[in-house]
Every structure is written in structure tokens, then in C-alpha cells.
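File shown: structure39.cif. Contents: mmCIF, C-alpha atoms.
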data_entry
#
loop_
_atom_site.label_atom_id
_atom_site.label_comp_id
_atom_site.auth_asym_id
_atom_site.auth_seq_id
_atom_site.Cartn_x
_atom_site.Cartn_y
_atom_site.Cartn_z
CA MET A 1 0.00 0.00 0.00
CA ARG A 2 1.35 3.41 -0.93
CA ASP A 3 2.31 5.90 1.75
CA PHE A 4 -0.84 7.84 2.61
CA GLN A 5 1.14 11.10 2.48
CA HIS A 6 1.39 10.75 -1.29
CA GLN A 7 -2.17 9.67 -2.02
CA PRO A 8 -4.44 12.36 -3.58
CA SER A 9 -7.06 12.33 -0.82
CA ILE A 10 -7.52 16.01 0.17
CA PRO A 11 -10.24 17.92 -1.77
CA ILE A 12 -8.95 20.89 -3.74
CA ALA A 13 -11.79 22.91 -2.15
CA TYR A 14 -9.61 23.17 0.97
CA LEU A 15 -6.86 24.82 -1.04
CA GLN A 16 -9.38 27.12 -2.74
CA LEU A 17 -10.40 28.47 0.67
CA LEU A 18 -6.77 29.06 1.61
CA VAL A 19 -6.23 30.95 -1.65
CA GLU A 20 -9.32 33.06 -0.89
CA ILE A 21 -8.07 33.99 2.58
CA LEU A 22 -4.60 34.86 1.34
CA GLY A 23 -6.04 36.86 -1.57
CA GLU A 24 -7.79 39.15 0.91
CA ARG A 25 -4.38 39.84 2.42
CA GLY A 26 -2.84 40.75 -0.92
CA ILE A 27 -1.10 37.40 -1.45
CA SER A 28 -1.83 35.82 -4.83
CA ALA A 29 -2.29 32.17 -5.71
CA THR A 30 0.86 32.44 -7.83
CA GLN A 31 2.85 33.46 -4.75
CA LEU A 32 1.37 30.61 -2.70
CA LEU A 33 2.05 27.98 -5.36
CA HIS A 34 5.53 29.21 -6.26
CA GLY A 35 7.97 26.36 -5.91
CA GLN A 36 5.26 23.97 -4.71
CA PRO A 37 4.68 20.52 -6.32
CA LEU A 38 1.13 21.26 -7.48
CA ASP A 39 -0.25 22.07 -10.91
CA PRO A 40 -1.99 25.50 -10.68
CA ALA A 41 -4.64 24.23 -13.12
CA LEU A 42 -6.03 22.05 -10.31
CA LEU A 43 -7.41 25.17 -8.62
CA ASP A 44 -10.08 25.34 -11.33
CA ASP A 45 -11.05 21.67 -11.03
CA ASN A 46 -13.56 21.23 -8.19
CA GLN A 47 -13.23 17.45 -8.41
CA ALA A 48 -9.44 17.46 -8.03
CA ARG A 49 -7.58 16.26 -4.98
CA MET A 50 -4.12 16.81 -3.56
CA SER A 51 -1.99 14.64 -1.33
CA PRO A 52 -1.50 15.29 2.40
CA LEU A 53 2.15 16.07 1.64
CA GLN A 54 1.18 18.73 -0.92
CA TRP A 55 -1.41 20.20 1.44
CA THR A 56 1.06 20.35 4.32
CA ARG A 57 3.67 22.12 2.20
CA LEU A 58 1.10 24.66 1.03
CA VAL A 59 0.00 25.34 4.62
CA LEU A 60 3.62 25.89 5.67
CA ARG A 61 4.06 28.22 2.69
CA ALA A 62 0.93 30.17 3.67
CA GLN A 63 2.10 30.52 7.26
CA ALA A 64 5.46 31.83 6.07
CA LEU A 65 3.84 34.33 3.66
CA THR A 66 1.37 35.66 6.24
CA ASP A 67 3.59 35.37 9.33
CA ASP A 68 0.31 34.63 11.13
CA PRO A 69 0.41 31.85 13.75
CA GLY A 70 -3.38 32.16 14.14
CA LEU A 71 -4.06 31.24 10.51
CA GLY A 72 -5.63 27.96 11.64
CA TYR A 73 -8.26 29.90 13.61
CA GLU A 74 -9.23 32.06 10.64
CA TYR A 75 -9.30 29.10 8.28
CA GLY A 76 -11.53 27.10 10.61
CA LEU A 77 -13.93 30.01 11.12
CA ARG A 78 -14.21 30.45 7.35
CA MET A 79 -14.76 26.80 6.53
CA ARG A 80 -18.14 26.10 4.89
CA PRO A 81 -19.89 22.70 5.23
CA THR A 82 -20.29 22.54 1.44
CA ALA A 83 -16.49 22.45 1.10
CA HIS A 84 -16.71 18.84 2.29
CA GLY A 85 -18.67 17.82 -0.79
CA VAL A 86 -21.15 14.98 -0.45
CA LEU A 87 -20.12 14.46 3.18
CA GLY A 88 -21.23 18.02 3.97
CA TYR A 89 -24.57 17.52 2.23
CA ALA A 90 -25.15 14.24 4.07
CA ALA A 91 -24.60 16.00 7.40
CA MET A 92 -26.73 19.04 6.53
CA SER A 93 -29.71 16.90 5.46
CA SER A 94 -29.50 14.46 8.39
CA ALA A 95 -32.47 13.93 10.69
CA SER A 96 -30.73 15.13 13.86
CA LEU A 97 -27.50 16.68 15.02
CA ARG A 98 -26.59 13.32 16.55
CA GLN A 99 -26.88 11.66 13.15
CA ALA A 100 -24.80 14.46 11.61
CA GLN A 101 -21.98 13.75 14.10
CA GLU A 102 -22.20 10.03 13.41
CA ILE A 103 -21.99 10.69 9.66
CA SER A 104 -18.94 12.89 10.21
CA ALA A 105 -17.27 10.16 12.24
CA ARG A 106 -18.02 7.44 9.72
CA TYR A 107 -17.01 9.19 6.51
CA ASN A 108 -14.36 11.69 7.57
CA ARG A 109 -11.56 9.66 6.00
CA LEU A 110 -13.00 10.73 2.63
CA ARG A 111 -11.79 14.27 3.42
CA GLN A 112 -9.02 13.98 6.03
CA ALA A 113 -6.62 11.13 5.38
CA GLY A 114 -4.49 11.85 8.44
CA PHE A 115 -7.34 11.99 10.95
CA SER A 116 -10.43 10.04 11.92
CA PHE A 117 -13.31 10.84 14.28
CA GLU A 118 -14.92 8.90 17.08
CA PHE A 119 -18.35 9.93 18.36
CA HIS A 120 -19.52 8.98 21.83
CA GLU A 121 -21.86 10.44 24.40
CA ASP A 122 -22.67 10.38 28.09
CA ASP A 123 -25.50 11.84 30.14
CA ASP A 124 -24.19 15.39 29.76
CA ALA A 125 -22.86 15.70 26.22
CA GLY A 126 -21.86 14.22 22.90
CA TYR A 127 -18.20 14.19 21.93
CA LEU A 128 -16.81 14.15 18.40
CA GLU A 129 -13.16 13.35 19.03
CA LEU A 130 -10.43 13.96 16.49
CA ILE A 131 -8.02 11.01 16.30
CA GLN A 132 -4.60 11.36 14.68
CA ARG A 133 -4.13 8.34 12.40
CA GLN A 134 -0.59 9.10 11.32
CA PRO A 135 2.31 11.17 12.68
CA ILE A 136 1.88 14.87 11.87
CA PRO A 137 5.45 16.17 12.13
CA VAL A 138 4.68 19.78 11.10
CA ALA A 139 1.66 22.12 11.09
CA ARG A 140 -0.19 19.86 13.53
CA THR A 141 -1.64 22.80 15.44
CA PHE A 142 -2.98 24.41 12.25
CA PHE A 143 -4.77 21.22 11.18
CA ILE A 144 -6.32 20.49 14.57
CA GLU A 145 -7.45 24.08 15.06
CA ASN A 146 -9.05 24.44 11.66
CA ILE A 147 -10.73 21.03 11.67
CA LEU A 148 -12.38 21.49 15.07
CA LEU A 149 -13.35 25.11 14.45
CA GLY A 150 -14.74 24.08 11.08
CA LEU A 151 -16.87 21.46 12.82
CA ALA A 152 -18.14 24.00 15.32
CA GLY A 153 -19.04 26.40 12.52
CA ALA A 154 -20.76 23.62 10.58
CA THR A 155 -22.82 22.81 13.69
CA ALA A 156 -24.03 26.40 13.81
CA VAL A 157 -24.91 26.32 10.11
CA LEU A 158 -26.83 23.04 10.50
CA LEU A 159 -28.91 24.57 13.30
CA GLY A 160 -29.47 27.88 11.50
CA ARG A 161 -27.62 29.83 14.19
CA THR A 162 -24.41 31.77 14.52
CA LEU A 163 -21.45 30.33 16.34
CA ALA A 164 -21.78 33.10 18.95
CA GLU A 165 -25.27 31.82 19.80
CA LEU A 166 -23.97 28.35 20.71
CA THR A 167 -22.61 29.53 24.05
CA ASP A 168 -22.41 26.06 25.65
CA LEU A 169 -20.56 24.40 22.78
CA GLU A 170 -16.91 23.70 23.63
CA ILE A 171 -13.74 22.75 21.77
CA TRP A 172 -11.04 20.88 23.68
CA PHE A 173 -7.38 20.83 22.73
CA ASP A 174 -4.61 18.63 24.06
CA MET A 175 -2.22 21.54 23.52
CA PRO A 176 -1.45 24.46 25.86
CA GLU A 177 -3.04 27.85 25.20
CA PRO A 178 -1.09 29.53 22.36
CA PRO A 179 0.18 33.11 22.65
CA TYR A 180 -2.10 34.29 19.83
CA TYR A 181 -5.32 33.00 21.46
CA ALA A 182 -6.09 36.26 23.29
CA ALA A 183 -6.23 38.22 20.03
CA TRP A 184 -8.83 35.79 18.65
CA ALA A 185 -10.82 34.96 21.79
CA ALA A 186 -13.73 37.31 21.05
CA ARG A 187 -14.42 35.54 17.74
CA LEU A 188 -14.10 32.00 19.06
CA PRO A 189 -16.42 29.64 20.93
CA THR A 190 -15.33 28.34 24.32
CA LEU A 191 -11.90 26.72 23.97
CA ARG A 192 -10.34 24.55 26.66
CA PHE A 193 -6.64 23.72 26.58
CA ASN A 194 -4.47 20.96 28.06
CA GLN A 195 -7.37 18.51 27.81
CA ARG A 196 -7.27 14.75 27.41
CA GLY A 197 -7.88 14.96 23.66
CA ASN A 198 -8.95 17.11 20.74
CA LEU A 199 -12.72 17.16 20.40
CA LEU A 200 -15.95 19.05 19.87
CA ARG A 201 -18.22 18.85 22.93
CA LEU A 202 -21.94 19.32 22.35
CA PRO A 203 -24.42 19.51 25.26
CA ALA A 204 -26.72 16.50 25.29
CA HIS A 205 -29.83 18.55 24.44
CA TYR A 206 -28.23 19.63 21.15
CA LEU A 207 -28.04 16.09 19.82
CA SER A 208 -31.76 15.65 19.18
CA LEU A 209 -32.12 19.03 17.44
CA ARG A 210 -33.21 18.90 13.81
CA PRO A 211 -30.98 20.61 11.20
CA VAL A 212 -32.76 23.37 9.27
CA LEU A 213 -32.15 21.49 5.98
CA ALA A 214 -33.16 18.07 7.29
CA ASP A 215 -34.40 15.93 4.41
CA PRO A 216 -34.60 12.13 4.89
CA LEU A 217 -34.54 11.32 1.17
CA ALA A 218 -31.66 13.69 0.41
CA SER A 219 -29.74 12.34 3.40
CA GLN A 220 -30.25 8.76 2.27
CA GLN A 221 -28.99 9.59 -1.22
CA ALA A 222 -25.98 11.50 0.12
CA ILE A 223 -25.07 8.66 2.48
CA ALA A 224 -25.25 6.21 -0.42
CA LEU A 225 -22.83 8.42 -2.34
CA CYS A 226 -20.53 8.53 0.69
CA GLU A 227 -20.56 4.74 0.85
CA ARG A 228 -19.77 4.56 -2.84
CA GLU A 229 -16.94 7.07 -2.48
CA LEU A 230 -15.58 5.17 0.51
CA ALA A 231 -15.60 1.95 -1.47
CA LEU A 232 -13.88 3.58 -4.43
CA ALA A 233 -11.25 5.10 -2.16
CA ALA A 234 -10.58 1.70 -0.65
CA GLY A 235 -10.27 0.19 -4.09
CA GLN A 236 -7.98 2.91 -5.37
CA ASP A 237 -5.68 2.54 -2.38
CA SER A 238 -5.69 -1.24 -2.71
CA ASP A 239 -6.74 -1.15 0.93
CA ILE A 240 -9.73 -3.42 1.19
CA THR A 241 -8.98 -3.81 4.90
CA ALA A 242 -9.59 -0.09 5.47
CA HIS A 243 -12.97 -0.33 3.73
CA VAL A 244 -14.08 -3.25 5.87
CA ARG A 245 -12.91 -1.53 9.04
CA ALA A 246 -14.83 1.63 8.12
CA ALA A 247 -17.99 -0.34 7.34
CA LEU A 248 -17.95 -2.50 10.48
CA ALA A 249 -20.10 -0.33 12.73
CA PRO A 250 -22.97 -1.53 14.96
CA GLN A 251 -26.31 -1.44 13.14
CA ASP A 252 -29.52 0.01 14.56
CA GLY A 253 -30.95 -3.41 15.38
CA GLY A 254 -27.71 -4.71 16.83
CA GLY A 255 -24.85 -6.61 15.27
CA TYR A 256 -22.63 -5.71 12.33
CA PRO A 257 -22.92 -5.85 8.53
CA THR A 258 -22.50 -9.37 7.16
CA LEU A 259 -19.76 -10.32 4.75
CA ALA A 260 -22.29 -10.29 1.91
CA ALA A 261 -23.51 -6.80 2.86
CA LEU A 262 -19.94 -5.48 2.73
CA CYS A 263 -19.52 -6.82 -0.80
CA ALA A 264 -22.44 -4.92 -2.35
CA PRO A 265 -20.94 -1.39 -2.44
CA LEU A 266 -17.61 -2.84 -3.65
CA HIS A 267 -19.30 -4.75 -6.48
CA ILE A 268 -17.36 -7.90 -5.70
CA SER A 269 -18.31 -11.39 -4.55
CA SER A 270 -17.88 -12.75 -1.04
CA ARG A 271 -15.23 -15.10 -2.37
CA THR A 272 -13.24 -12.21 -3.84
CA LEU A 273 -13.49 -10.18 -0.65
CA LYS A 274 -12.27 -13.12 1.42
CA ARG A 275 -9.33 -13.62 -0.94
CA ARG A 276 -8.33 -9.96 -0.94
CA LEU A 277 -8.49 -9.76 2.87
CA GLN A 278 -6.39 -12.90 3.08
CA GLN A 279 -3.81 -11.30 0.78
CA GLN A 280 -3.56 -8.46 3.30
CA GLY A 281 -3.08 -10.87 6.18
CA THR A 282 -6.52 -10.66 7.75
CA SER A 283 -10.12 -11.88 7.44
CA TYR A 284 -13.69 -10.72 7.98
CA LEU A 285 -13.88 -12.56 11.32
CA LEU A 286 -10.64 -11.02 12.60
CA LEU A 287 -11.78 -7.52 11.63
CA LEU A 288 -15.21 -8.16 13.17
CA GLU A 289 -13.61 -9.16 16.47
CA GLU A 290 -11.38 -6.07 16.30
CA ALA A 291 -14.45 -3.84 15.78
CA ARG A 292 -16.28 -5.52 18.65
CA GLN A 293 -13.35 -4.99 20.99
CA GLN A 294 -13.06 -1.29 20.12
CA ASP A 295 -16.80 -0.66 20.34
CA ALA A 296 -17.09 -2.62 23.58
CA ARG A 297 -14.38 -0.53 25.25
CA ARG A 298 -15.90 2.70 23.95
CA LEU A 299 -19.45 1.88 25.07
CA LEU A 300 -18.37 0.66 28.49
CA ALA A 301 -16.23 3.73 29.09
CA HIS A 302 -18.41 6.44 27.57
CA SER A 303 -22.05 5.34 27.81
CA GLN A 304 -24.54 4.47 30.52
CA LEU A 305 -25.90 1.45 28.63
CA PRO A 306 -26.27 -1.70 30.75
CA VAL A 307 -23.83 -4.48 29.87
CA ARG A 308 -26.65 -6.62 28.47
CA ASP A 309 -27.65 -3.83 26.07
CA ILE A 310 -24.05 -3.39 24.96
CA ALA A 311 -23.89 -7.13 24.31
CA THR A 312 -27.00 -6.90 22.13
CA ARG A 313 -25.65 -3.91 20.22
CA LEU A 314 -22.47 -5.83 19.48
CA GLY A 315 -24.43 -8.80 18.15
CA TYR A 316 -24.27 -11.21 21.10
CA ASP A 317 -27.50 -13.11 21.75
CA ASN A 318 -26.35 -14.01 25.26
CA PRO A 319 -24.63 -11.47 27.59
CA ALA A 320 -22.58 -14.34 29.03
CA ASN A 321 -20.97 -14.90 25.62
CA PHE A 322 -20.03 -11.23 25.51
CA THR A 323 -18.54 -11.41 29.01
CA ARG A 324 -16.44 -14.44 28.03
CA ALA A 325 -15.22 -12.72 24.87
CA PHE A 326 -14.38 -9.50 26.72
CA ARG A 327 -12.47 -11.42 29.39
CA ARG A 328 -10.48 -13.12 26.63
CA TRP A 329 -9.62 -9.72 25.09
CA THR A 330 -8.74 -7.84 28.27
CA GLY A 331 -8.42 -10.29 31.14
CA GLU A 332 -11.32 -8.69 33.04
CA THR A 333 -15.11 -8.60 32.96
CA PRO A 334 -17.03 -5.76 31.29
CA SER A 335 -18.24 -4.54 34.69
CA ASP A 336 -14.72 -4.51 36.13
CA TYR A 337 -13.41 -2.68 33.08
CA ARG A 338 -16.15 -0.03 33.38
CA GLU A 339 -15.54 0.46 37.09
CA ARG A 340 -11.75 0.69 36.68
CA HIS A 341 -11.99 3.12 33.76
CA ARG A 342 -14.34 5.46 35.59
CA SER A 343 -12.44 5.36 38.86
#
If you convert what's in this file into C-alpha cells, what do you get?
Amino acid sequence: MRDFQHQPSIPIAYLQLLVEILGERGISATQLLHGQPLDPALLDDNQARMSPLQWTRLVLRAQALTDDPGLGYEYGLRMRPTAHGVLGYAAMSSASLRQAQEISARYNRLRQAGFSFEFHEDDDAGYLELIQRQPIPVARTFFIENILLGLAGATAVLLGRTLAELTDLEIWFDMPEPPYYAAWAARLPTLRFNQRGNLLRLPAHYLSLRPVLADPLASQQAIALCERELALAAGQDSDITAHVRAALAPQDGGGYPTLAALCAPLHISSRTLKRRLQQQGTSYLLLLEEARQQDARRLLAHSQLPVRDIATRLGYDNPANFTRAFRRWTGETPSDYRERHRS
């Protein structure tokens, strides 16, 4: 599998926004692209993509040209949901803000190759946590700031409000407060620094709110396109394992997609999928167990669901079978794990 840094996975729309911001400061696209390994013609192709390496170099170039350490703040505040393409439309037309966060978590890899999202909730709030999938040796602060601020702004757009009106929304950073924060504080939502992770925190009562553009049919169509794009991305990267991992999420009625269900969006047979997973050193059953382990830990640590309900959600007919499996994975029972994690 090719190094993800060289794969064209970042939408050119992200660069178009950067060019727009710099243009307002008197810095032309020609200046930004000078000496950079990117064809300027791509700026006019809305379907084009650039690699994470190209995007990182352009961000570093922009920071040098502007001498503005707070560029990530401005970029995030200016980000529009439509810049995310079909993913943005799927979120905007979703039935609830909770579903919009779940869509973002599931399909984010279509837009951010270096990061993924995990969504979980407790009695007080929902958390969309930004997870770094690969080392980010430079410009890490810029990327984390703009992604999380962009999510906060998108939340306001979905609800038909301004970001200033969402006074109880919070963004958490694992980084210390930067020196330039004070100059931006009046324009930003509540930011908390030196936290356990990088995430968007939404009060629990937000999650059931209905986006102003909610449209069940449009959402269903957009999600289908996201699934298709995810499958194509997996095929292009020769990474069938990544596709299966992304698709193995608990279903509404409990359990996970079957092997046959995973084949449909890829337009391949079950036999072919098994063979391709085997070529990458894994199998459907191994990936299913991996997904169950991750989801079990997440639900035990971050939800109030009883153990029996978690077992059902993960596809176990008998809670005792889940307990035995969890003890095999971790050496402790689900109840002991939950108690230890919370204490």
C-alpha cells in the first residue's frame, strides 16, 4: 500500500479556501504555489484532490507568507460545510444533530486522510473526538485548530444559528493555550486547553435538534454516495482492509454488517473479498472481532448502557458470551473494566 502522504485524498476545495483567505491579504495564488509541487490548473477543477504532503507544504508556505500563527483559527472560522462535498450535504440533510456527528465520524476519511473521528456520548454531552491516524510532524496545530473550528461552525450552520449563539458548545485541545489566542478569543467559541484529547463537545440537548435542511430522502442519497466514495477510495488505495474496518459499525438493530452486505458497495463477490483480505493478512472474522473490541471498550467507558444492552448492540445473543469474549480480550469482565476506567 502506498504511503498515505502521497495519495491524492484532500479535496482541492480546501486549497481554494486558503487561496481566498490569502487573496484578501494581498497574497496571490501564484505566490502561494511558487515552488510547490502542485499544478496551478487544479485550482479550477472542483473534483481534483491533492496529497496530504502537498497540502502540508502549502499550509507551511501560507504561514510563512502571512507570518500569522493564528491562521488555523481564521481558516476554521471560514470553513463552509459545502467544502466537504457529499459528506457536507449528508450531514446538513440528516435527521438530527446526533446523526450528523455520526456521519462525520463514519465518513471523515474521505476528506481527512491523516485523521479520523470517534463519536460517543454520556448523560451530559456528545463528543466528536479527532483522532490522529498518522504522525503529523509539522503544522499539527494548524490542522487540529481548523478542523475542530470548522466542525463548530458547521454545527451552527446546521442549526441555523451563529457560532456566537452556541454559548455552551466547547472545543477541547490537548495543547497548551497559544500566545495568539487572546487576540482571537472574542471571535471564538469556548476553547479549553491541556485537555485529554482534541474534540468538539456538544451539550446533550443539542443532539436531538433537527438541522434546518433536514431531508430524509436527500440524506439517504448523500449517504449512499458517501458509501460509494468510501468503497472507491478503498479500491484505489488497494486497501480493502480499510474499507471493511470503516464499514464494520454496529447497526440500529444490533450486530454488524455481514460479509455479503460489505460486498455490495464494492461490487465484488464474497469469495473475492475473502481472498483480498487474506492477501492483506486478515479476514472478515478477525476484523469483526477487532471492531467488537473497540466498540465494547468505547461503550463501556463512555455510555450508561447496561452491559446486556451493549452485548445486544455488538451482536451477542447471550450477555454471558459477551462477558467471556471480553475477558479473553482484556483479562477482566465488562463490569470490572467499566468500574476501573471510571475510577
Size and centre in Å, one decimal, axis-aligned box, all listed stretch 263-273 of chain A atoms plus 5 Å per side, as lines of an AutoDock Vina configuration file:
center_x = -17.8
center_y = -8.2
center_z = -3.6
size_x = 19.2
size_y = 23.7
size_z = 15.8
(request) Calculate how many Å separate atom CA of A:Leu97 from atom CA of A:Leu110, rounding to one decimal. (result) 20.0 Å
(request) Find the residue from A:Leu300, A:Leu248, A:Ala260, A:Ile147 that sits nearest to A:Gly315; use all atoms listed in the file when measuring. (result) A:Leu248
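The gap separating atom CA of A:Thr167 from atom CA of A:Arg210 is 18.2 Å, in Å to one decimal.
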(request) Would you mind listing what lies within 12 Å of stretch 67-77 of chain A as a ChimeraX atom specification, with only C-alpha atoms counted and same-chain residues fewer than 6 positions away left out? (result) /A:14-22,25,27,59-61,83,139-157,162-164,177-189,191
Keeping only C-alpha atoms, write the selected residues to a file as a PDB file, in the coordinates of the input.
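The result, written out as result.pdb:
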ATOM      1  CA  TYR A  14      -9.610  23.170   0.970  1.00  0.00           C
ATOM      2  CA  LEU A  15      -6.860  24.820  -1.040  1.00  0.00           C
ATOM      3  CA  GLN A  16      -9.380  27.120  -2.740  1.00  0.00           C
ATOM      4  CA  LEU A  17     -10.400  28.470   0.670  1.00  0.00           C
ATOM      5  CA  LEU A  18      -6.770  29.060   1.610  1.00  0.00           C
ATOM      6  CA  VAL A  19      -6.230  30.950  -1.650  1.00  0.00           C
ATOM      7  CA  GLU A  20      -9.320  33.060  -0.890  1.00  0.00           C
ATOM      8  CA  ILE A  21      -8.070  33.990   2.580  1.00  0.00           C
ATOM      9  CA  LEU A  22      -4.600  34.860   1.340  1.00  0.00           C
ATOM     10  CA  ARG A  25      -4.380  39.840   2.420  1.00  0.00           C
ATOM     11  CA  ILE A  27      -1.100  37.400  -1.450  1.00  0.00           C
ATOM     12  CA  VAL A  59       0.000  25.340   4.620  1.00  0.00           C
ATOM     13  CA  LEU A  60       3.620  25.890   5.670  1.00  0.00           C
ATOM     14  CA  ARG A  61       4.060  28.220   2.690  1.00  0.00           C
ATOM     15  CA  ALA A  83     -16.490  22.450   1.100  1.00  0.00           C
ATOM     16  CA  ALA A 139       1.660  22.120  11.090  1.00  0.00           C
ATOM     17  CA  ARG A 140      -0.190  19.860  13.530  1.00  0.00           C
ATOM     18  CA  THR A 141      -1.640  22.800  15.440  1.00  0.00           C
ATOM     19  CA  PHE A 142      -2.980  24.410  12.250  1.00  0.00           C
ATOM     20  CA  PHE A 143      -4.770  21.220  11.180  1.00  0.00           C
ATOM     21  CA  ILE A 144      -6.320  20.490  14.570  1.00  0.00           C
ATOM     22  CA  GLU A 145      -7.450  24.080  15.060  1.00  0.00           C
ATOM     23  CA  ASN A 146      -9.050  24.440  11.660  1.00  0.00           C
ATOM     24  CA  ILE A 147     -10.730  21.030  11.670  1.00  0.00           C
ATOM     25  CA  LEU A 148     -12.380  21.490  15.070  1.00  0.00           C
ATOM     26  CA  LEU A 149     -13.350  25.110  14.450  1.00  0.00           C
ATOM     27  CA  GLY A 150     -14.740  24.080  11.080  1.00  0.00           C
ATOM     28  CA  LEU A 151     -16.870  21.460  12.820  1.00  0.00           C
ATOM     29  CA  ALA A 152     -18.140  24.000  15.320  1.00  0.00           C
ATOM     30  CA  GLY A 153     -19.040  26.400  12.520  1.00  0.00           C
ATOM     31  CA  ALA A 154     -20.760  23.620  10.580  1.00  0.00           C
ATOM     32  CA  THR A 155     -22.820  22.810  13.690  1.00  0.00           C
ATOM     33  CA  ALA A 156     -24.030  26.400  13.810  1.00  0.00           C
ATOM     34  CA  VAL A 157     -24.910  26.320  10.110  1.00  0.00           C
ATOM     35  CA  THR A 162     -24.410  31.770  14.520  1.00  0.00           C
ATOM     36  CA  LEU A 163     -21.450  30.330  16.340  1.00  0.00           C
ATOM     37  CA  ALA A 164     -21.780  33.100  18.950  1.00  0.00           C
ATOM     38  CA  GLU A 177      -3.040  27.850  25.200  1.00  0.00           C
ATOM     39  CA  PRO A 178      -1.090  29.530  22.360  1.00  0.00           C
ATOM     40  CA  PRO A 179       0.180  33.110  22.650  1.00  0.00           C
ATOM     41  CA  TYR A 180      -2.100  34.290  19.830  1.00  0.00           C
ATOM     42  CA  TYR A 181      -5.320  33.000  21.460  1.00  0.00           C
ATOM     43  CA  ALA A 182      -6.090  36.260  23.290  1.00  0.00           C
ATOM     44  CA  ALA A 183      -6.230  38.220  20.030  1.00  0.00           C
ATOM     45  CA  TRP A 184      -8.830  35.790  18.650  1.00  0.00           C
ATOM     46  CA  ALA A 185     -10.820  34.960  21.790  1.00  0.00           C
ATOM     47  CA  ALA A 186     -13.730  37.310  21.050  1.00  0.00           C
ATOM     48  CA  ARG A 187     -14.420  35.540  17.740  1.00  0.00           C
ATOM     49  CA  LEU A 188     -14.100  32.000  19.060  1.00  0.00           C
ATOM     50  CA  PRO A 189     -16.420  29.640  20.930  1.00  0.00           C
ATOM     51  CA  LEU A 191     -11.900  26.720  23.970  1.00  0.00           C
TER      52      LEU A 191
END
(request) Could you pull out every residue with an atom within 12 Å of (-14.5, -4.3, 23.4), file coordinates, counting all atoms listed in the file, and send them as a PyMOL selection string? (result) chain A and resi 288-301+307+310-311+313-314+322-335+337-338
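Between atom CA of A:Ser28 and atom CA of A:Arg49 the interatomic distance comes to 20.4 Å.
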Closest pair table for stretch 110-165 of chain A residues within 7 Å of stretch 200-206 of chain A, only C-alpha atoms, as CSV:
residue,atom,partner,partner_atom,distance
A:Asp123,CA,A:Ala204,CA,6.8
A:Asp124,CA,A:Ala204,CA,5.3
A:Ala125,CA,A:Ala204,CA,4.1
A:Gly126,CA,A:Leu202,CA,5.1
A:Tyr127,CA,A:Arg201,CA,4.8
A:Leu128,CA,A:Leu200,CA,5.2
A:Glu129,CA,A:Leu200,CA,6.4
A:Leu148,CA,A:Leu200,CA,6.5
Create the file for the chosen residues now, containing C-alpha atoms and written as a PDB file, in the frame of the given file.
ATOM      1  CA  ASP A 123     -25.500  11.840  30.140  1.00  0.00           C
ATOM      2  CA  ASP A 124     -24.190  15.390  29.760  1.00  0.00           C
ATOM      3  CA  ALA A 125     -22.860  15.700  26.220  1.00  0.00           C
ATOM      4  CA  GLY A 126     -21.860  14.220  22.900  1.00  0.00           C
ATOM      5  CA  TYR A 127     -18.200  14.190  21.930  1.00  0.00           C
ATOM      6  CA  LEU A 128     -16.810  14.150  18.400  1.00  0.00           C
ATOM      7  CA  GLU A 129     -13.160  13.350  19.030  1.00  0.00           C
ATOM      8  CA  LEU A 148     -12.380  21.490  15.070  1.00  0.00           C
TER       9      LEU A 148
END
(message) Can you translate the PyMOL selection byres ((chain A and resi 274) around 12) into the concrete residues it hits in this file, as a ChimeraX atom specification?
(response) /A:240-241,244,259-260,262-263,268-273,275-287
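If you count all atoms listed in the file and draw a sphere of 12 Å around (-28.3, -8.1, 16.9), the protein and nucleic acid residues inside it come out as A:Pro250, A:Gln251, A:Asp252, A:Gly253, A:Gly254, A:Gly255, A:Tyr256, A:Pro257, A:Thr258, A:Arg308, A:Asp309, A:Ile310, A:Ala311, A:Thr312, A:Arg313, A:Leu314, A:Gly315, A:Tyr316, A:Asp317, A:Asn318, A:Pro319.
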(request) Give me the residues within 9 Å of A:Ala48 as a list in words, counting only C-alpha atoms and dropping any in the same chain fewer than 6 places off. (result) Pro8, Ile10, Pro11, Ile12, Ala13 and Leu42 of chain A
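Those residues returned by the PyMOL selection byres ((chain A and resi 107) around 9) for this file are Leu87, Glu102, Ile103, Ser104, Ala105, Arg106, Asn108, Arg109, Leu110, Arg111, Ser116, Phe117, Cys226, Glu227, Leu230 and Ala246 of chain A.
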(message) With the PyMOL selection byres ((chain A and resi 114) around 8) as the selection, what would be picked from this file? Answer as a list in words, please.
(response) Phe4, Pro52, Arg109, Gln112, Ala113, Phe115, Ser116, Gln132, Arg133, Gln134 and Ile136 of chain A
(message) My list of candidates is A:Leu213, A:Asp168, A:Glu118, A:Leu32. Which is closest to A:Gln63 when distances are computed with only C-alpha atoms?
(response) A:Leu32
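Distances from A:Thr56, A:Ser93, A:Gln31, A:Gln195 to A:Ala218 were compared using all atoms listed in the file, and the smallest one belongs to A:Ser93.
Compared by their closest atoms to A:Ala222, and using all atoms listed in the file, the residues A:Leu43, A:Leu266, A:Ala91, A:Leu58 rank with A:Ala91 nearest.
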